[in-house]
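Structure file entry-v7.csv with CSV, C-alpha atoms:
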chain,number,residue,atom,x,y,z
I,1,MET,CA,113.8,100.7,92.2
I,2,GLN,CA,114.5,103.6,94.5
I,3,GLN,CA,112.2,105.3,97.0
I,4,GLY,CA,113.7,108.6,96.0
I,5,GLU,CA,112.2,108.6,92.5
I,6,ALA,CA,109.6,111.1,91.5
I,7,ARG,CA,106.6,110.9,93.8
I,8,ALA,CA,102.9,111.7,93.5
I,9,HIS,CA,101.2,114.0,95.9
I,10,ASP,CA,99.0,111.1,97.0
I,11,HIS,CA,100.3,110.4,100.5
I,12,GLY,CA,103.9,110.8,99.1
I,13,LEU,CA,103.5,107.6,97.1
I,14,PRO,CA,105.7,106.9,94.0
I,15,THR,CA,104.2,107.7,90.6
I,16,ALA,CA,105.1,104.2,89.4
I,17,LEU,CA,102.3,102.9,91.5
I,18,TYR,CA,99.8,104.2,88.9
I,19,VAL,CA,101.4,101.9,86.3
I,20,ILE,CA,101.4,99.0,88.8
I,21,SER,CA,97.7,99.7,89.5
I,22,GLY,CA,97.0,99.7,85.7
I,23,ALA,CA,98.6,96.2,85.4
I,24,SER,CA,96.4,95.0,88.3
I,25,PHE,CA,93.3,96.5,86.6
I,26,ALA,CA,94.1,94.7,83.3
I,27,ALA,CA,94.7,91.3,84.9
I,28,ALA,CA,91.5,91.6,87.0
I,29,LEU,CA,89.3,92.4,84.0
I,30,SER,CA,88.8,88.7,83.1
I,31,ALA,CA,89.3,87.1,86.5
I,32,ARG,CA,85.6,86.7,87.1
I,33,ALA,CA,84.5,86.9,83.5
I,34,LEU,CA,82.7,83.6,83.4
I,35,ASP,CA,80.9,83.8,86.8
I,36,PRO,CA,77.8,85.8,85.5
I,37,VAL,CA,77.4,83.7,82.4
I,38,LEU,CA,78.0,80.2,83.9
I,39,PRO,CA,74.4,79.2,83.5
I,40,HIS,CA,74.7,79.7,79.7
I,41,VAL,CA,78.1,77.9,79.6
I,42,ALA,CA,76.5,75.0,81.5
I,43,GLU,CA,73.6,74.9,79.0
I,44,ASP,CA,75.8,75.1,75.9
I,45,PHE,CA,78.0,72.1,77.0
I,46,ASN,CA,75.1,70.2,78.7
I,47,VAL,CA,76.7,70.1,82.1
I,48,SER,CA,75.5,71.0,85.6
I,49,ILE,CA,76.1,74.4,87.3
I,50,ALA,CA,78.4,72.6,89.8
I,51,THR,CA,80.4,71.2,86.9
I,52,ALA,CA,80.6,74.6,85.2
I,53,ALA,CA,81.8,76.1,88.5
I,54,GLY,CA,84.9,74.0,88.0
I,55,PHE,CA,86.1,76.7,85.6
I,56,ALA,CA,86.5,79.0,88.7
I,57,ALA,CA,88.2,76.2,90.5
I,58,VAL,CA,90.7,75.4,87.8
I,59,PHE,CA,91.5,79.1,87.2
I,60,ALA,CA,92.2,79.5,90.9
I,61,PHE,CA,94.1,76.2,91.2
I,62,THR,CA,96.3,77.0,88.3
I,63,PHE,CA,96.9,80.5,89.7
I,64,SER,CA,97.9,79.1,93.0
I,65,ILE,CA,100.2,76.2,92.0
I,66,ILE,CA,102.4,78.4,89.8
I,67,GLN,CA,102.9,80.9,92.6
I,68,PRO,CA,106.1,79.4,94.0
I,69,ILE,CA,107.5,79.4,90.5
I,70,ILE,CA,106.3,82.9,89.7
I,71,GLY,CA,107.7,84.4,92.9
I,72,ALA,CA,111.1,82.8,92.4
I,73,ALA,CA,111.1,83.9,88.7
I,74,ALA,CA,110.2,87.5,89.6
I,75,ASP,CA,113.0,87.6,92.3
I,76,LEU,CA,115.5,86.0,89.9
I,77,PHE,CA,114.8,87.6,86.5
I,78,GLY,CA,112.8,90.8,87.2
I,79,LYS,CA,109.2,91.7,88.0
I,80,THR,CA,108.1,94.2,85.3
I,81,ARG,CA,109.0,92.0,82.3
I,82,LEU,CA,107.3,89.0,83.9
I,83,MET,CA,104.1,91.0,84.5
I,84,ILE,CA,103.9,92.2,80.9
I,85,GLY,CA,104.4,88.7,79.5
I,86,CYS,CA,101.8,87.2,81.7
I,87,LEU,CA,99.3,89.9,80.8
I,88,ALA,CA,99.7,89.0,77.1
I,89,LEU,CA,99.2,85.3,77.9
I,90,LEU,CA,96.0,86.1,79.8
I,91,GLY,CA,94.6,88.0,76.9
I,92,LEU,CA,95.5,85.3,74.4
I,93,ALA,CA,94.0,82.6,76.7
I,94,ASN,CA,90.6,84.4,76.8
I,95,ILE,CA,90.5,84.8,73.0
I,96,LEU,CA,91.3,81.2,72.5
I,97,GLY,CA,88.5,80.3,75.0
I,98,ALA,CA,86.0,82.2,72.9
I,99,PHE,CA,86.6,79.7,70.1
I,100,SER,CA,86.4,76.6,72.3
I,101,THR,CA,84.5,73.7,70.6
I,102,SER,CA,84.2,71.6,73.7
I,103,PHE,CA,84.1,71.7,77.5
I,104,SER,CA,87.6,70.3,77.7
I,105,VAL,CA,89.1,72.9,75.4
I,106,LEU,CA,87.5,75.7,77.3
I,107,PHE,CA,88.8,74.1,80.5
I,108,ALA,CA,92.3,74.1,79.0
I,109,THR,CA,92.1,77.8,78.1
I,110,ARG,CA,91.1,78.6,81.7
I,111,ILE,CA,94.3,76.9,82.9
I,112,LEU,CA,96.3,79.2,80.6
I,113,ALA,CA,94.4,82.2,81.9
I,114,GLY,CA,95.2,81.1,85.5
I,115,ILE,CA,98.9,81.1,84.6
I,116,GLY,CA,98.7,84.5,83.0
I,117,SER,CA,96.7,86.1,85.9
I,118,GLY,CA,99.0,84.4,88.4
I,119,GLY,CA,102.0,86.3,87.1
I,120,VAL,CA,100.5,89.7,87.6
I,121,PHE,CA,98.8,90.5,90.9
I,122,PRO,CA,101.2,89.0,93.4
I,123,VAL,CA,104.2,90.5,91.6
I,124,ALA,CA,102.3,93.9,91.6
I,125,LEU,CA,102.0,93.7,95.3
I,126,SER,CA,105.7,92.9,95.6
I,127,LEU,CA,106.7,95.9,93.5
I,128,THR,CA,104.4,98.1,95.6
I,129,SER,CA,106.1,96.8,98.8
I,130,ASP,CA,109.5,97.5,97.3
I,131,LEU,CA,108.6,101.1,96.6
I,132,VAL,CA,107.4,102.1,100.1
I,133,GLY,CA,108.2,101.5,103.7
I,134,PRO,CA,106.0,99.6,106.2
I,135,GLU,CA,104.5,102.8,107.6
I,136,LYS,CA,102.8,103.6,104.2
I,137,ARG,CA,102.5,100.1,102.8
I,138,GLN,CA,98.8,99.5,103.6
I,139,VAL,CA,97.8,102.7,101.9
I,140,ALA,CA,100.1,101.9,98.9
I,141,ILE,CA,98.7,98.4,98.6
I,142,SER,CA,95.2,99.8,98.7
I,143,ARG,CA,96.1,101.8,95.6
I,144,THR,CA,97.2,98.6,93.8
I,145,LEU,CA,94.0,96.9,95.1
I,146,ALA,CA,92.0,99.8,93.6
I,147,GLY,CA,93.2,98.9,90.2
I,148,ALA,CA,92.3,95.3,90.7
I,149,MET,CA,88.9,96.1,92.2
I,150,THR,CA,88.1,98.5,89.3
I,151,GLY,CA,89.0,95.7,86.9
I,152,ASN,CA,86.8,93.2,88.8
I,153,LEU,CA,84.0,95.7,88.9
I,154,LEU,CA,84.1,96.5,85.2
I,155,GLY,CA,84.9,92.9,84.2
I,156,ALA,CA,82.0,91.3,86.1
I,157,SER,CA,79.5,94.0,85.1
I,158,ALA,CA,80.6,94.1,81.5
I,159,SER,CA,80.6,90.3,81.4
I,160,GLY,CA,76.9,90.2,82.2
I,161,LEU,CA,76.1,93.0,79.8
I,162,ILE,CA,78.1,91.5,76.9
I,163,GLY,CA,76.7,88.1,77.7
I,164,ASP,CA,73.2,89.3,77.2
I,165,PHE,CA,74.1,90.5,73.7
I,166,LEU,CA,77.0,88.3,72.5
I,167,GLY,CA,76.9,85.3,74.7
I,168,TRP,CA,79.7,83.9,76.9
I,169,ARG,CA,82.0,83.6,73.8
I,170,GLY,CA,81.7,87.3,73.2
I,171,VAL,CA,82.6,88.0,76.8
I,172,LEU,CA,85.9,86.1,76.5
I,173,ALA,CA,86.7,87.6,73.1
I,174,VAL,CA,86.1,91.2,74.1
I,175,LEU,CA,87.8,91.1,77.4
I,176,GLY,CA,90.7,89.1,76.0
I,177,GLY,CA,91.3,91.8,73.4
I,178,LEU,CA,91.2,94.5,76.0
I,179,VAL,CA,93.8,92.7,78.1
I,180,ILE,CA,96.1,92.4,75.1
I,181,VAL,CA,95.8,96.2,74.5
I,182,ALA,CA,96.3,96.9,78.2
I,183,SER,CA,99.6,94.8,78.3
I,184,ILE,CA,101.0,97.1,75.5
I,185,ALA,CA,100.0,100.2,77.5
I,186,VAL,CA,101.5,98.9,80.7
I,187,ALA,CA,104.8,98.1,79.0
I,188,ALA,CA,104.9,101.7,77.7
I,189,GLY,CA,103.9,103.0,81.1
I,190,PHE,CA,106.8,101.2,82.9
I,191,ARG,CA,109.3,102.7,80.4
I,192,GLY,CA,107.8,106.1,80.9
I,193,ALA,CA,107.9,105.8,84.7
I,194,LYS,CA,111.6,104.7,84.4
I,195,VAL,CA,111.2,102.0,87.0
I,196,LYS,CA,114.6,100.6,87.8
I,197,PRO,CA,114.7,96.8,88.3
I,198,PRO,CA,115.8,95.6,91.7
I,199,PRO,CA,119.1,93.7,92.0
I,200,LYS,CA,118.6,90.1,90.8
I,201,THR,CA,118.8,87.5,93.5
I,202,SER,CA,120.3,84.0,93.4
I,203,LEU,CA,119.0,80.4,94.0
I,204,SER,CA,120.9,80.3,97.3
I,205,ALA,CA,119.4,83.6,98.4
I,206,LEU,CA,115.9,82.2,97.5
I,207,LYS,CA,116.5,79.1,99.7
I,208,ALA,CA,117.5,81.5,102.5
I,209,GLY,CA,114.4,83.5,101.8
I,210,TYR,CA,112.1,80.5,102.2
I,211,ARG,CA,113.8,79.7,105.5
I,212,THR,CA,113.3,83.4,106.6
I,213,ILE,CA,109.6,83.2,105.6
I,214,PHE,CA,108.8,80.0,107.5
I,215,THR,CA,110.7,80.8,110.6
I,216,ASN,CA,108.4,83.7,111.1
I,217,PRO,CA,105.3,82.6,113.1
I,218,ASN,CA,103.1,85.1,111.2
I,219,ALA,CA,103.6,83.1,108.0
I,220,TYR,CA,101.5,80.2,109.2
I,221,VAL,CA,98.7,82.4,110.4
I,222,CYS,CA,98.7,84.6,107.3
I,223,TYR,CA,98.7,81.7,104.8
I,224,SER,CA,96.1,79.7,106.7
I,225,ALA,CA,93.8,82.8,107.0
I,226,VAL,CA,93.9,83.6,103.3
I,227,PHE,CA,93.2,80.0,102.4
I,228,ILE,CA,90.1,80.1,104.6
I,229,GLU,CA,89.1,83.5,103.2
I,230,GLY,CA,89.3,82.2,99.6
I,231,CYS,CA,87.3,79.2,100.4
I,232,CYS,CA,84.5,80.8,102.4
I,233,VAL,CA,84.1,84.1,100.5
I,234,LEU,CA,85.4,83.8,96.9
I,235,GLY,CA,84.2,80.1,96.7
I,236,LEU,CA,80.6,81.4,96.8
I,237,PHE,CA,80.8,83.5,93.7
I,238,PRO,CA,80.2,80.9,91.0
I,239,TYR,CA,76.8,80.1,92.6
I,240,ILE,CA,75.5,83.7,92.9
I,241,ALA,CA,74.0,83.6,89.3
I,242,SER,CA,72.3,80.3,90.1
I,243,PHE,CA,70.9,81.8,93.3
I,244,LEU,CA,69.4,84.6,91.3
I,245,PHE,CA,68.0,82.2,88.7
I,246,GLU,CA,66.2,80.4,91.6
I,247,LEU,CA,64.5,83.7,92.4
I,248,GLY,CA,63.4,84.1,88.8
I,249,GLN,CA,66.0,86.7,87.9
I,250,THR,CA,67.6,85.3,84.7
I,251,SER,CA,69.3,88.4,83.3
I,252,LEU,CA,73.0,87.9,83.0
I,253,SER,CA,73.5,91.7,83.3
I,254,ILE,CA,71.8,91.6,86.8
I,255,ALA,CA,74.0,88.7,87.9
I,256,GLY,CA,77.1,90.7,86.7
I,257,MET,CA,76.0,93.7,88.6
I,258,VAL,CA,75.4,91.7,91.8
I,259,ILE,CA,78.9,90.1,91.6
I,260,ALA,CA,80.4,93.4,90.8
I,261,GLY,CA,79.1,94.8,94.1
I,262,PHE,CA,82.0,93.0,95.8
I,263,ALA,CA,84.4,95.0,93.8
I,264,VAL,CA,82.5,98.2,94.7
I,265,GLY,CA,83.0,97.4,98.3
I,266,GLY,CA,86.7,96.9,97.6
I,267,LEU,CA,86.9,100.3,96.0
I,268,PHE,CA,85.2,101.8,99.1
I,269,TYR,CA,87.9,100.2,101.2
I,270,THR,CA,90.6,101.9,99.3
I,271,LEU,CA,88.9,105.3,100.0
I,272,THR,CA,88.4,104.6,103.7
I,273,VAL,CA,91.5,102.6,104.8
I,274,SER,CA,93.6,105.7,105.6
I,275,ARG,CA,90.9,106.7,108.1
I,276,LEU,CA,90.0,103.3,109.4
I,277,LEU,CA,93.6,102.3,110.2
I,278,PRO,CA,94.3,105.0,112.9
I,279,TRP,CA,90.8,104.5,114.4
I,280,LEU,CA,90.6,100.7,114.6
I,281,GLY,CA,94.3,99.6,114.3
I,282,MET,CA,95.3,96.3,112.6
I,283,LYS,CA,93.6,94.0,115.1
I,284,GLY,CA,90.3,96.0,115.1
I,285,MET,CA,90.3,96.0,111.3
I,286,MET,CA,90.7,92.2,111.1
I,287,ILE,CA,87.9,91.6,113.6
I,288,ALA,CA,85.5,94.2,112.1
I,289,GLY,CA,86.2,93.1,108.5
I,290,MET,CA,85.6,89.4,109.1
I,291,THR,CA,82.5,90.2,111.1
I,292,LEU,CA,81.1,92.3,108.3
I,293,VAL,CA,81.7,89.5,105.8
I,294,ALA,CA,79.9,87.0,108.1
I,295,SER,CA,76.9,89.2,108.5
I,296,GLN,CA,76.5,89.5,104.7
I,297,LEU,CA,76.9,85.7,104.1
I,298,VAL,CA,74.0,85.3,106.5
I,299,ALA,CA,71.9,87.9,104.7
I,300,VAL,CA,72.6,86.3,101.3
I,301,ALA,CA,71.5,82.9,102.7
I,302,PHE,CA,67.9,84.3,103.1
I,303,GLY,CA,67.7,84.9,99.4
I,304,PRO,CA,66.6,88.6,99.2
I,305,ARG,CA,65.8,90.4,96.0
I,306,TRP,CA,68.8,91.1,93.7
I,307,GLU,CA,68.9,94.8,94.6
I,308,VAL,CA,69.5,93.8,98.3
I,309,GLN,CA,72.0,91.1,97.3
I,310,ALA,CA,73.9,93.7,95.4
I,311,LEU,CA,74.1,95.8,98.6
I,312,ASN,CA,75.1,92.7,100.5
I,313,LEU,CA,78.0,92.1,98.2
I,314,ILE,CA,79.1,95.7,98.5
I,315,VAL,CA,79.3,95.5,102.3
I,316,MET,CA,80.9,92.0,102.0
I,317,GLY,CA,83.6,93.4,99.7
I,318,TRP,CA,84.3,96.3,102.0
I,319,GLY,CA,84.6,94.0,105.0
I,320,PHE,CA,86.7,91.5,103.2
I,321,TYR,CA,89.3,94.0,102.1
I,322,ILE,CA,89.4,95.6,105.5
I,323,ALA,CA,90.7,92.3,106.9
I,324,HIS,CA,92.5,91.1,103.8
I,325,GLY,CA,94.6,94.2,103.5
I,326,CYS,CA,96.0,93.6,106.9
I,327,LEU,CA,97.0,90.1,106.0
I,328,GLN,CA,98.7,91.4,102.9
I,329,VAL,CA,100.8,93.8,104.9
I,330,PHE,CA,101.8,91.1,107.3
I,331,ALA,CA,102.8,88.9,104.3
I,332,SER,CA,104.9,91.7,102.8
I,333,GLU,CA,106.9,91.8,106.0
I,334,LEU,CA,107.8,88.1,106.1
I,335,SER,CA,111.0,88.6,104.1
I,336,VAL,CA,112.8,91.5,102.5
I,337,GLU,CA,115.1,89.7,100.1
I,338,ALA,CA,112.4,87.2,98.9
I,339,ARG,CA,109.4,89.5,99.2
I,340,ALA,CA,108.0,88.4,95.8
I,341,THR,CA,108.2,84.8,96.9
I,342,ALA,CA,106.5,85.6,100.2
I,343,LEU,CA,103.6,87.4,98.5
I,344,SER,CA,103.4,84.7,95.8
I,345,LEU,CA,103.0,82.2,98.5
I,346,HIS,CA,100.3,84.4,100.0
I,347,SER,CA,98.4,84.2,96.7
I,348,PHE,CA,99.1,80.5,96.4
I,349,PHE,CA,97.2,79.8,99.6
I,350,PHE,CA,94.5,82.4,98.8
I,351,PHE,CA,93.8,80.8,95.4
I,352,MET,CA,94.0,77.3,96.8
I,353,GLY,CA,91.1,78.4,99.0
I,354,GLN,CA,89.3,79.6,95.9
I,355,THR,CA,90.0,76.2,94.3
I,356,VAL,CA,88.5,74.2,97.2
I,357,GLY,CA,85.7,76.8,97.9
I,358,PRO,CA,83.5,76.1,94.9
I,359,LEU,CA,83.8,72.4,95.4
I,360,ALA,CA,83.0,72.7,99.1
I,361,TYR,CA,80.1,75.0,98.5
I,362,GLY,CA,78.8,72.6,95.8
I,363,PHE,CA,78.9,69.7,98.3
I,364,GLY,CA,77.3,71.8,101.1
I,365,LEU,CA,74.5,73.2,98.9
I,366,HIS,CA,73.7,69.7,97.5
I,367,HIS,CA,73.8,67.8,100.8
I,368,ALA,CA,72.9,70.4,103.5
I,369,GLY,CA,71.2,73.2,101.6
I,370,LYS,CA,71.8,76.9,101.1
I,371,MET,CA,71.1,78.3,104.6
I,372,PRO,CA,73.2,75.8,106.6
I,373,THR,CA,76.1,76.1,104.2
I,374,LEU,CA,76.3,79.9,104.3
I,375,PHE,CA,75.7,80.0,108.1
I,376,VAL,CA,78.7,77.7,108.6
I,377,SER,CA,80.8,79.9,106.4
I,378,ALA,CA,79.7,83.0,108.4
I,379,ALA,CA,80.7,81.3,111.7
I,380,VAL,CA,84.1,80.4,110.3
I,381,MET,CA,84.8,84.0,109.3
I,382,VAL,CA,83.9,85.4,112.7
I,383,VAL,CA,86.3,82.9,114.4
I,384,LEU,CA,89.0,83.7,111.8
I,385,GLY,CA,88.9,87.4,112.6
I,386,LEU,CA,89.4,86.7,116.3
I,387,VAL,CA,92.2,84.3,115.8
I,388,CYS,CA,94.1,86.6,113.4
I,389,ALA,CA,93.8,89.5,115.7
I,390,ARG,CA,95.1,87.5,118.6
I,391,LEU,CA,98.0,85.7,116.8
I,392,LEU,CA,99.4,88.2,114.2
I,393,LYS,CA,102.0,90.6,115.7
I,394,PRO,CA,104.4,93.0,114.0
I,395,ARG,CA,107.7,91.1,113.6
I,396,ALA,CA,110.7,92.3,111.6
I,397,PRO,CA,111.9,89.7,109.1
I,398,SER,CA,115.3,88.2,110.0
I,399,ASP,CA,116.8,89.3,106.7
I,400,ALA,CA,115.9,93.0,107.3
I,401,ARG,CA,118.8,95.4,107.2
I,402,THR,CA,119.1,97.6,110.2
Translate the structure described by the file into structure tokens.
Amino acid sequence: MQQGEARAHDHGLPTALYVISGASFAAALSARALDPVLPHVAEDFNVSIATAAGFAAVFAFTFSIIQPIIGAAADLFGKTRLMIGCLALLGLANILGAFSTSFSVLFATRILAGIGSGGVFPVALSLTSDLVGPEKRQVAISRTLAGAMTGNLLGASASGLIGDFLGWRGVLAVLGGLVIVASIAVAAGFRGAKVKPPPKTSLSALKAGYRTIFTNPNAYVCYSAVFIEGCCVLGLFPYIASFLFELGQTSLSIAGMVIAGFAVGGLFYTLTVSRLLPWLGMKGMMIAGMTLVASQLVAVAFGPRWEVQALNLIVMGWGFYIAHGCLQVFASELSVEARATALSLHSFFFFMGQTVGPLAYGFGLHHAGKMPTLFVSAAVMVVLGLVCARLLKPRAPSDART
């Protein structure tokens, strides 16, 4: 790809970013598809909510463990082709899940869905980083995030709405079909945008890339931080519907709307990042973002009405992406030659956090209760923001060309 290709008038960003954003949108449609309908899944298969929350954990775990392979494959064989194939796999996995006859079969389809989703978003971030320089990268990444956030928003809200009429099976069937259609549209879009593939790398270059990544002190801070984020923030999501059920609000549409609030906050971040960055700077954004998240975890712990919880999730999503966007930029600068690998490792640790998170929340909710568990998560997020602001510093990767 070349930076000199045709550019949009949006901050001088390449037009190919719209196609990349579309791919992120399609992949995100079904990422949280089961969260609003988990109580019904648990009822159908006669399992507990905590057991059903394992679907979120296995999706995240599969997403994470394939990241080293996905990153290497993208750097070796090309990114756009990999993204399109993984989108098709994700759609097929959702459709197969709709016809599951047992808990174990549905579990297996979520593993396939995790593989499909795992091959889209990290590679989309890598393509975005290839297209623009560091000075515009946070704004460019926010555009890619906008696609993902819109997909999360529509996917979560549509999941609850479809679930009220067609059940959880209808949710997977409808969203799966939409993802298949989207994969075809994205393939056509990449051809229309005439995105040139980057030069293919080699296994020896990938080994050198790993050395470059892990000789940079920022790698250890970035990867640890996103693991903790995934655990403390995204690990909560499978329990939100059950929190609402405890309040007597059993509508799946309402649960979907509350969860979708997080994505609304993410979209608000994409609209405000270009103003926040000059005002707060990277360090200020990490502290402010993590503090906002912590405040909303505390608010949710008190169990307010669903309308208030929807607002809590909006603010939480805004704060989360204010901080998380900074971590993505630092991760994109760990290596030039192995950028897809660096960002895939970023996703690996983030989704490992989302794997551990539902299990940790389940343990905490069962043994300590709702308020202590969420208060601990809030305290961890505040400390995380301060640590990241102190330790993360701009460092040019050792394989950067002068």
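Considering the residues I:Phe55, I:Ser100, I:Thr15, I:Ala338 and counting only C-alpha atoms, Ala208 in chain I has its shortest atom-to-atom contact with I:Ala338.
Comparing the minimum interatomic distances between Gly78 in chain I and each of I:Ser126, I:Ser377, I:Ser274, I:Ser242, counting all atoms listed in the file, we find that I:Ser126 sits nearest.
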Handout entry: Spatial neighbours of Leu313 in chain I, 10 Å, all atoms listed in the file, chain gap at least 5 places, as a PyMOL selection string
Key = chain I and resi 257-266+293+296-297+299-300+308+318-319
Pull C-alpha atoms from the residues just selected and write them as a PDB file, in the coordinates of the input.
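Okay, result19.pdb is ready:
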ATOM      1  CA  MET I 257      76.000  93.700  88.600  1.00  0.00           C
ATOM      2  CA  VAL I 258      75.400  91.700  91.800  1.00  0.00           C
ATOM      3  CA  ILE I 259      78.900  90.100  91.600  1.00  0.00           C
ATOM      4  CA  ALA I 260      80.400  93.400  90.800  1.00  0.00           C
ATOM      5  CA  GLY I 261      79.100  94.800  94.100  1.00  0.00           C
ATOM      6  CA  PHE I 262      82.000  93.000  95.800  1.00  0.00           C
ATOM      7  CA  ALA I 263      84.400  95.000  93.800  1.00  0.00           C
ATOM      8  CA  VAL I 264      82.500  98.200  94.700  1.00  0.00           C
ATOM      9  CA  GLY I 265      83.000  97.400  98.300  1.00  0.00           C
ATOM     10  CA  GLY I 266      86.700  96.900  97.600  1.00  0.00           C
ATOM     11  CA  VAL I 293      81.700  89.500 105.800  1.00  0.00           C
ATOM     12  CA  GLN I 296      76.500  89.500 104.700  1.00  0.00           C
ATOM     13  CA  LEU I 297      76.900  85.700 104.100  1.00  0.00           C
ATOM     14  CA  ALA I 299      71.900  87.900 104.700  1.00  0.00           C
ATOM     15  CA  VAL I 300      72.600  86.300 101.300  1.00  0.00           C
ATOM     16  CA  VAL I 308      69.500  93.800  98.300  1.00  0.00           C
ATOM     17  CA  TRP I 318      84.300  96.300 102.000  1.00  0.00           C
ATOM     18  CA  GLY I 319      84.600  94.000 105.000  1.00  0.00           C
TER      19      GLY I 319
END
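Distance check against Asn218 in chain I using only C-alpha atoms: of I:Leu311, I:Ile49, I:Ala389, I:Ile65, the minimum falls on I:Ala389.
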Practice task
Name all residues at most 10 Å from range 56-64 of chain I (count all atoms listed in the file; drop same-chain ones fewer than 4 positions away) and give them as JSON, numbers by chain.
Solution key: {"I": [31, 32, 33, 34, 35, 38, 51, 52, 68, 69, 70, 107, 108, 109, 110, 111, 112, 113, 114, 115, 116, 117, 118, 119, 230, 234, 235, 237, 238, 344, 345, 346, 347, 348, 349, 350, 351, 352, 353, 354, 355, 356, 357, 358, 359]}
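Take CA of Ile184 in chain I and CA of Ile20 in chain I: the distance between them is 13.4 Å.
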Fill in the blank from the handout: Atom pair CA of Met381 in chain I + CA of His367 in chain I, distance 21.3 Å
Extract range 268-317 of chain I from the coordinates I pasted, and write it as a PDB file, in the first residue's frame (atoms kept: C-alpha atoms).
ATOM      1  CA  PHE I 268     -18.542   9.260  20.895  1.00  0.00           C
ATOM      2  CA  TYR I 269     -14.814   8.711  21.391  1.00  0.00           C
ATOM      3  CA  THR I 270     -14.241   8.611  17.619  1.00  0.00           C
ATOM      4  CA  LEU I 271     -15.969  12.004  17.347  1.00  0.00           C
ATOM      5  CA  THR I 272     -14.023  13.600  20.196  1.00  0.00           C
ATOM      6  CA  VAL I 273     -10.517  12.106  19.969  1.00  0.00           C
ATOM      7  CA  SER I 274      -9.154  14.766  17.604  1.00  0.00           C
ATOM      8  CA  ARG I 275     -10.122  17.442  20.166  1.00  0.00           C
ATOM      9  CA  LEU I 276      -9.148  15.512  23.290  1.00  0.00           C
ATOM     10  CA  LEU I 277      -5.655  14.584  22.106  1.00  0.00           C
ATOM     11  CA  PRO I 278      -4.243  18.156  21.866  1.00  0.00           C
ATOM     12  CA  TRP I 279      -5.979  19.106  25.113  1.00  0.00           C
ATOM     13  CA  LEU I 280      -5.071  16.161  27.371  1.00  0.00           C
ATOM     14  CA  GLY I 281      -2.134  14.554  25.600  1.00  0.00           C
ATOM     15  CA  MET I 282      -1.551  10.803  25.665  1.00  0.00           C
ATOM     16  CA  LYS I 283      -0.804  10.637  29.397  1.00  0.00           C
ATOM     17  CA  GLY I 284      -3.837  12.697  30.340  1.00  0.00           C
ATOM     18  CA  MET I 285      -6.078  10.579  28.120  1.00  0.00           C
ATOM     19  CA  MET I 286      -4.938   7.344  29.752  1.00  0.00           C
ATOM     20  CA  ILE I 287      -5.559   8.687  33.264  1.00  0.00           C
ATOM     21  CA  ALA I 288      -8.888  10.329  32.388  1.00  0.00           C
ATOM     22  CA  GLY I 289     -10.153   7.318  30.427  1.00  0.00           C
ATOM     23  CA  MET I 290      -9.368   4.745  33.112  1.00  0.00           C
ATOM     24  CA  THR I 291     -10.855   6.995  35.818  1.00  0.00           C
ATOM     25  CA  LEU I 292     -14.091   7.374  33.842  1.00  0.00           C
ATOM     26  CA  VAL I 293     -14.332   3.595  33.501  1.00  0.00           C
ATOM     27  CA  ALA I 294     -13.761   3.129  37.238  1.00  0.00           C
ATOM     28  CA  SER I 295     -16.485   5.626  38.147  1.00  0.00           C
ATOM     29  CA  GLN I 296     -19.032   3.791  36.017  1.00  0.00           C
ATOM     30  CA  LEU I 297     -18.108   0.366  37.417  1.00  0.00           C
ATOM     31  CA  VAL I 298     -18.892   1.794  40.854  1.00  0.00           C
ATOM     32  CA  ALA I 299     -22.197   3.225  39.576  1.00  0.00           C
ATOM     33  CA  VAL I 300     -23.276  -0.117  38.066  1.00  0.00           C
ATOM     34  CA  ALA I 301     -22.451  -1.849  41.359  1.00  0.00           C
ATOM     35  CA  PHE I 302     -25.327   0.041  43.036  1.00  0.00           C
ATOM     36  CA  GLY I 303     -27.844  -1.527  40.620  1.00  0.00           C
ATOM     37  CA  PRO I 304     -29.650   1.539  39.251  1.00  0.00           C
ATOM     38  CA  ARG I 305     -32.574   1.392  36.808  1.00  0.00           C
ATOM     39  CA  TRP I 306     -31.818   0.131  33.316  1.00  0.00           C
ATOM     40  CA  GLU I 307     -32.031   3.635  31.839  1.00  0.00           C
ATOM     41  CA  VAL I 308     -29.279   4.784  34.210  1.00  0.00           C
ATOM     42  CA  GLN I 309     -27.199   1.688  33.521  1.00  0.00           C
ATOM     43  CA  ALA I 310     -27.430   2.440  29.794  1.00  0.00           C
ATOM     44  CA  LEU I 311     -25.953   5.885  30.497  1.00  0.00           C
ATOM     45  CA  ASN I 312     -23.303   4.268  32.702  1.00  0.00           C
ATOM     46  CA  LEU I 313     -22.270   2.008  29.822  1.00  0.00           C
ATOM     47  CA  ILE I 314     -22.106   4.956  27.417  1.00  0.00           C
ATOM     48  CA  VAL I 315     -19.726   6.849  29.705  1.00  0.00           C
ATOM     49  CA  MET I 316     -17.796   3.642  30.390  1.00  0.00           C
ATOM     50  CA  GLY I 317     -17.346   3.018  26.665  1.00  0.00           C
TER      51      GLY I 317
END
